[in-house]
$ cat run-v9.csv   # CSV, C-alpha atoms
chain,number,residue,atom,x,y,z
A,1,MET,CA,0.0,0.0,0.0
A,2,SER,CA,1.3,3.4,-1.0
A,3,GLU,CA,1.3,6.4,1.3
A,4,PHE,CA,0.6,8.6,-1.8
A,5,LYS,CA,-2.8,9.1,-3.3
A,6,THR,CA,-1.7,9.0,-6.9
A,7,ASP,CA,-1.7,6.1,-9.4
A,8,LEU,CA,1.5,5.7,-11.4
A,9,LYS,CA,-0.5,3.7,-14.0
A,10,THR,CA,-2.2,6.9,-15.0
A,11,TYR,CA,1.0,8.8,-15.8
A,12,GLU,CA,1.8,9.5,-19.5
A,13,PHE,CA,4.5,11.4,-21.3
A,14,ASN,CA,2.8,14.5,-22.5
A,15,HIS,CA,5.3,16.7,-24.3
A,16,THR,CA,8.9,17.9,-24.8
A,17,MET,CA,9.9,21.5,-25.3
A,18,ILE,CA,12.5,23.0,-27.6
A,19,ARG,CA,13.3,26.7,-28.1
A,20,VAL,CA,13.1,28.1,-31.6
A,21,LYS,CA,14.5,31.2,-33.1
A,22,ASP,CA,11.7,32.0,-35.6
A,23,PRO,CA,8.3,30.4,-34.9
A,24,LYS,CA,6.9,31.0,-38.4
A,25,ILE,CA,9.7,29.0,-40.0
A,26,SER,CA,9.6,26.3,-37.4
A,27,ILE,CA,5.9,25.9,-37.4
A,28,GLU,CA,6.0,25.7,-41.2
A,29,PHE,CA,8.6,22.9,-41.0
A,30,TYR,CA,6.7,20.9,-38.4
A,31,GLN,CA,3.3,21.3,-40.1
A,32,ASP,CA,4.1,21.3,-43.9
A,33,ILE,CA,7.2,19.0,-43.9
A,34,LEU,CA,6.5,16.7,-41.0
A,35,GLY,CA,2.7,16.8,-41.1
A,36,MET,CA,2.0,17.8,-37.5
A,37,LYS,CA,-0.9,20.0,-36.5
A,38,LEU,CA,-0.7,23.2,-34.4
A,39,LEU,CA,-3.0,22.3,-31.5
A,40,SER,CA,-2.7,25.5,-29.5
A,41,ASN,CA,-0.6,28.4,-28.5
A,42,LEU,CA,-0.1,30.4,-25.4
A,43,VAL,CA,1.2,34.0,-25.3
A,44,ASN,CA,2.9,35.2,-22.2
A,45,GLU,CA,3.2,39.0,-22.5
A,46,ALA,CA,4.9,39.4,-19.1
A,47,GLY,CA,7.6,36.8,-20.0
A,48,LYS,CA,7.8,37.9,-23.6
A,49,PHE,CA,7.5,34.4,-25.0
A,50,THR,CA,5.0,32.3,-26.9
A,51,LEU,CA,4.4,28.6,-26.6
A,52,TYR,CA,3.2,26.5,-29.6
A,53,PHE,CA,1.9,23.0,-29.2
A,54,LEU,CA,2.0,20.6,-32.1
A,55,ALA,CA,1.1,16.9,-32.5
A,56,TYR,CA,0.1,14.3,-35.0
A,57,VAL,CA,-3.7,14.0,-35.2
A,58,ASN,CA,-6.0,12.0,-37.5
A,59,GLU,CA,-8.4,13.7,-39.8
A,60,GLN,CA,-11.4,13.4,-37.4
A,61,GLU,CA,-9.4,14.9,-34.6
A,62,SER,CA,-8.2,17.7,-36.9
A,63,VAL,CA,-11.7,18.7,-37.9
A,64,SER,CA,-12.9,18.5,-34.3
A,65,LEU,CA,-10.0,20.7,-33.1
A,66,ASP,CA,-10.7,23.3,-35.7
A,67,ALA,CA,-14.2,23.8,-34.2
A,68,LYS,CA,-13.0,24.1,-30.6
A,69,SER,CA,-12.2,27.2,-28.6
A,70,GLU,CA,-8.5,28.0,-27.8
A,71,ALA,CA,-9.1,27.0,-24.2
A,72,ASP,CA,-10.5,23.6,-25.3
A,73,ARG,CA,-7.6,23.1,-27.8
A,74,ARG,CA,-5.1,23.9,-25.0
A,75,ALA,CA,-6.8,21.4,-22.7
A,76,TYR,CA,-6.6,18.8,-25.5
A,77,ALA,CA,-2.8,19.5,-25.9
A,78,PHE,CA,-2.3,18.9,-22.1
A,79,SER,CA,-4.4,15.7,-22.0
A,80,ARG,CA,-2.7,13.6,-24.7
A,81,PRO,CA,0.7,12.1,-25.3
A,82,GLY,CA,3.2,12.9,-28.0
A,83,VAL,CA,3.1,16.8,-28.1
A,84,LEU,CA,5.9,18.9,-29.2
A,85,GLU,CA,6.2,22.4,-27.5
A,86,LEU,CA,8.0,25.1,-29.4
A,87,THR,CA,9.0,28.0,-27.2
A,88,HIS,CA,9.7,31.3,-28.9
A,89,ASN,CA,11.5,34.0,-26.8
A,90,TRP,CA,10.5,37.3,-28.5
A,91,GLY,CA,13.1,39.1,-30.5
A,92,THR,CA,15.4,36.1,-31.4
A,93,GLU,CA,14.0,36.0,-34.9
A,94,ASN,CA,15.5,39.5,-35.5
A,95,ASP,CA,19.0,38.7,-34.5
A,96,PRO,CA,21.0,37.2,-37.4
A,97,GLU,CA,23.7,36.0,-35.0
A,98,PHE,CA,21.4,34.2,-32.6
A,99,SER,CA,21.1,30.4,-32.5
A,100,TYR,CA,20.2,27.7,-29.9
A,101,ALA,CA,22.4,24.8,-29.0
A,102,ASN,CA,20.8,21.8,-30.7
A,103,GLY,CA,22.4,19.3,-28.3
A,104,ASN,CA,24.4,17.5,-31.0
A,105,SER,CA,27.5,19.7,-31.1
A,106,ASN,CA,29.7,21.6,-28.6
A,107,PRO,CA,29.0,23.8,-26.8
A,108,GLY,CA,25.7,22.4,-25.5
A,109,ARG,CA,26.1,18.7,-26.3
A,110,GLY,CA,23.4,16.7,-24.4
A,111,PHE,CA,20.0,16.7,-26.0
A,112,GLY,CA,20.0,14.2,-28.9
A,113,HIS,CA,16.8,14.2,-31.0
A,114,THR,CA,13.1,13.7,-31.3
A,115,ALA,CA,11.8,10.9,-33.4
A,116,ILE,CA,8.8,10.2,-35.7
A,117,ILE,CA,7.5,6.9,-37.1
A,118,VAL,CA,6.4,6.7,-40.7
A,119,ASP,CA,4.7,4.0,-42.8
A,120,ASP,CA,7.6,3.8,-45.3
A,121,ILE,CA,10.9,5.4,-44.6
A,122,ASN,CA,12.1,5.5,-48.2
A,123,GLU,CA,8.9,7.1,-49.5
A,124,ALA,CA,9.0,9.6,-46.5
A,125,CYS,CA,12.6,10.5,-47.4
A,126,ARG,CA,11.7,11.0,-51.0
A,127,ARG,CA,8.9,13.3,-49.9
A,128,PHE,CA,11.3,15.2,-47.7
A,129,GLU,CA,13.7,15.5,-50.6
A,130,SER,CA,11.0,17.2,-52.6
A,131,PHE,CA,11.2,20.2,-50.2
A,132,GLY,CA,14.7,20.9,-51.4
A,133,ASP,CA,16.9,23.1,-49.1
A,134,LYS,CA,14.0,23.4,-46.6
A,135,VAL,CA,15.1,20.0,-45.3
A,136,LYS,CA,18.6,19.6,-44.0
A,137,TRP,CA,19.9,16.0,-44.0
A,138,VAL,CA,21.9,14.7,-41.1
A,139,LYS,CA,21.7,11.0,-42.3
A,140,ARG,CA,19.9,9.4,-45.2
A,141,PRO,CA,18.8,5.7,-45.0
A,142,ALA,CA,21.6,4.7,-47.4
A,143,ASP,CA,24.3,6.4,-45.3
A,144,GLY,CA,26.3,4.4,-42.7
A,145,SER,CA,25.6,0.9,-41.5
A,146,MET,CA,22.0,1.5,-40.1
A,147,LYS,CA,19.9,1.5,-43.3
A,148,ASN,CA,16.6,1.6,-41.5
A,149,ILE,CA,16.8,5.2,-40.1
A,150,ALA,CA,17.2,8.7,-41.3
A,151,PHE,CA,17.9,12.0,-39.6
A,152,ILE,CA,16.8,15.5,-40.7
A,153,ALA,CA,17.3,18.8,-39.0
A,154,ASP,CA,14.7,21.4,-38.3
A,155,PRO,CA,15.3,25.1,-38.9
A,156,ASP,CA,17.1,25.5,-35.6
A,157,GLY,CA,19.3,22.4,-36.1
A,158,TYR,CA,17.4,20.0,-33.8
A,159,TRP,CA,17.6,16.5,-35.2
A,160,VAL,CA,14.5,14.5,-36.0
A,161,GLU,CA,15.0,10.8,-36.4
A,162,VAL,CA,12.8,9.1,-39.0
A,163,LEU,CA,11.9,5.4,-38.4
A,164,ASN,CA,9.6,2.9,-40.0
A,165,LYS,CA,6.7,2.1,-37.6
A,166,GLY,CA,7.7,-1.0,-35.7
A,167,LEU,CA,11.3,-0.4,-36.9
A,168,ALA,CA,10.7,-2.8,-39.8

$ encode --input "run-v9.csv" --output "C-alpha cells"
Amino acid sequence: MSEFKTDLKTYEFNHTMIRVKDPKISIEFYQDILGMKLLSNLVNEAGKFTLYFLAYVNEQESVSLDAKSEADRRAYAFSRPGVLELTHNWGTENDPEFSYANGNSNPGRGFGHTAIIVDDINEACRRFESFGDKVKWVKRPADGSMKNIAFIADPDGYWVEVLNKGLA
C-alpha cells in the first residue's frame, strides 16, 4: 500500500519542449514537412514568449479541433501524449547571429533528437527531398551501417529521427 494518493499507471509522457528562433519558419517545418498540426498556442506578455503545441492527429481529430475554442484546444494538448512544444522568446528572430544549441555539437552537447515513425521510410525521405533546401539532411537511409533510419534537422538544427513504424 502506498502512502501517496496517486496512481502511477495513469502517468503519461505529455510533451517535450525545444526553443526556436523563428516560430513562423519552425511551425511551417513541423506542419508542412513533418505533417504535425498546431494544436494551441499560449502567449505570455509578461515573460515575452509564446508557446506553440503541435502533435500528430488523425483527420477526425483535426476537424474536431478546428471547431473548438482556444481553451479547449489547449486542454486537449495537455491531455494527450506525443506533443511537441516550441518556445519562442520574442526578438530572437530579428538577431541574425542568434542560435540555440541543438544538443548534438559543442557547446551544448546533451539533448539528442526527437523521433517520428512513418509508414515507409524510403517514401517519406523521397517526400522530404521534394522540399529541397528546406530539409537539412543529417543522415539518409543509405548512409552508414544503419539502413533503416534517417535524420533530418529542423530550422534550428534540432535532429529529427525518422523510423519505420515497428522499426521494420

$ atom_distance --input "run-v9.csv" --atom1 "atom CA of A:Phe98" --atom2 "atom CA of A:Ile18"
15.2 Å

$ atom_distance --input "run-v9.csv" --atom1 "atom CA of A:Gly112" --atom2 "atom CA of A:Leu86"
16.2 Å

$ atom_distance --input "run-v9.csv" --atom1 "atom CA of A:Leu8" --atom2 "atom CA of A:Gly82"
18.2 Å

$ closest_residue --input "run-v9.csv" --among "A:Trp90, A:Leu167, A:Tyr52, A:Arg80" --to "A:Tyr11" --atoms "all atoms listed in the file"
A:Arg80

$ residues_around --input "run-v9.csv" --residues "A:Asp120" --least-positions-apart "2" --cutoff "9 Å" --atoms "all atoms listed in the file" --output "list in words"
Ile117, Val118, Asn122, Glu123, Ala124, Cys125, Leu163, Asn164 and Lys165 of chain A

$ closest_residue --input "run-v9.csv" --among "A:Ala77, A:Ile27, A:Leu51, A:Val135" --to "A:Gly157" --atoms "only C-alpha atoms"
A:Val135

$ closest_residue --input "run-v9.csv" --among "A:Asn104, A:Ser79, A:Thr50, A:Asn148" --to "A:Gly91" --atoms "all atoms listed in the file"
A:Thr50

$ residues_near_point --input "run-v9.csv" --point "(-0.9, 29.0, -28.0)" --cutoff "8 Å" --atoms "only C-alpha atoms" --output "number ranges by chain"
A: 39-43, 50-53, 70, 74

$ write_last_selection --input "run-v9.csv" --atoms "C-alpha atoms" --output "mmCIF file, keeping the file's coordinate frame"
data_model
loop_
_atom_site.group_PDB
_atom_site.id
_atom_site.type_symbol
_atom_site.label_atom_id
_atom_site.label_comp_id
_atom_site.auth_asym_id
_atom_site.auth_seq_id
_atom_site.Cartn_x
_atom_site.Cartn_y
_atom_site.Cartn_z
ATOM 1 C CA LEU A 39 -3.000 22.300 -31.500
ATOM 2 C CA SER A 40 -2.700 25.500 -29.500
ATOM 3 C CA ASN A 41 -0.600 28.400 -28.500
ATOM 4 C CA LEU A 42 -0.100 30.400 -25.400
ATOM 5 C CA VAL A 43 1.200 34.000 -25.300
ATOM 6 C CA THR A 50 5.000 32.300 -26.900
ATOM 7 C CA LEU A 51 4.400 28.600 -26.600
ATOM 8 C CA TYR A 52 3.200 26.500 -29.600
ATOM 9 C CA PHE A 53 1.900 23.000 -29.200
ATOM 10 C CA GLU A 70 -8.500 28.000 -27.800
ATOM 11 C CA ARG A 74 -5.100 23.900 -25.000
#

$ residues_around --input "run-v9.csv" --residues "A:Met36" --least-positions-apart "3" --cutoff "8 Å" --atoms "only C-alpha atoms" --output "list in words"
Tyr30, Gln31, Asp32, Leu54, Ala55, Tyr56 and Val57 of chain A

$ closest_residue --input "run-v9.csv" --among "A:Tyr76, A:Phe111, A:Phe49, A:Trp159" --to "A:Glu93" --atoms "only C-alpha atoms"
A:Phe49

$ residues_around --input "run-v9.csv" --residues "A:Asp22" --least-positions-apart "3" --cutoff "7 Å" --atoms "only C-alpha atoms" --output "list in words"
Ile25, Ser26, Thr92 and Glu93 of chain A

$ residues_around --input "run-v9.csv" --residues "stretch 153-155 of chain A" --least-positions-apart "5" --cutoff "10 Å" --atoms "only C-alpha atoms" --output "ChimeraX atom specification"
/A:20-23,25-30,33-34,102,113,134-139,160-161
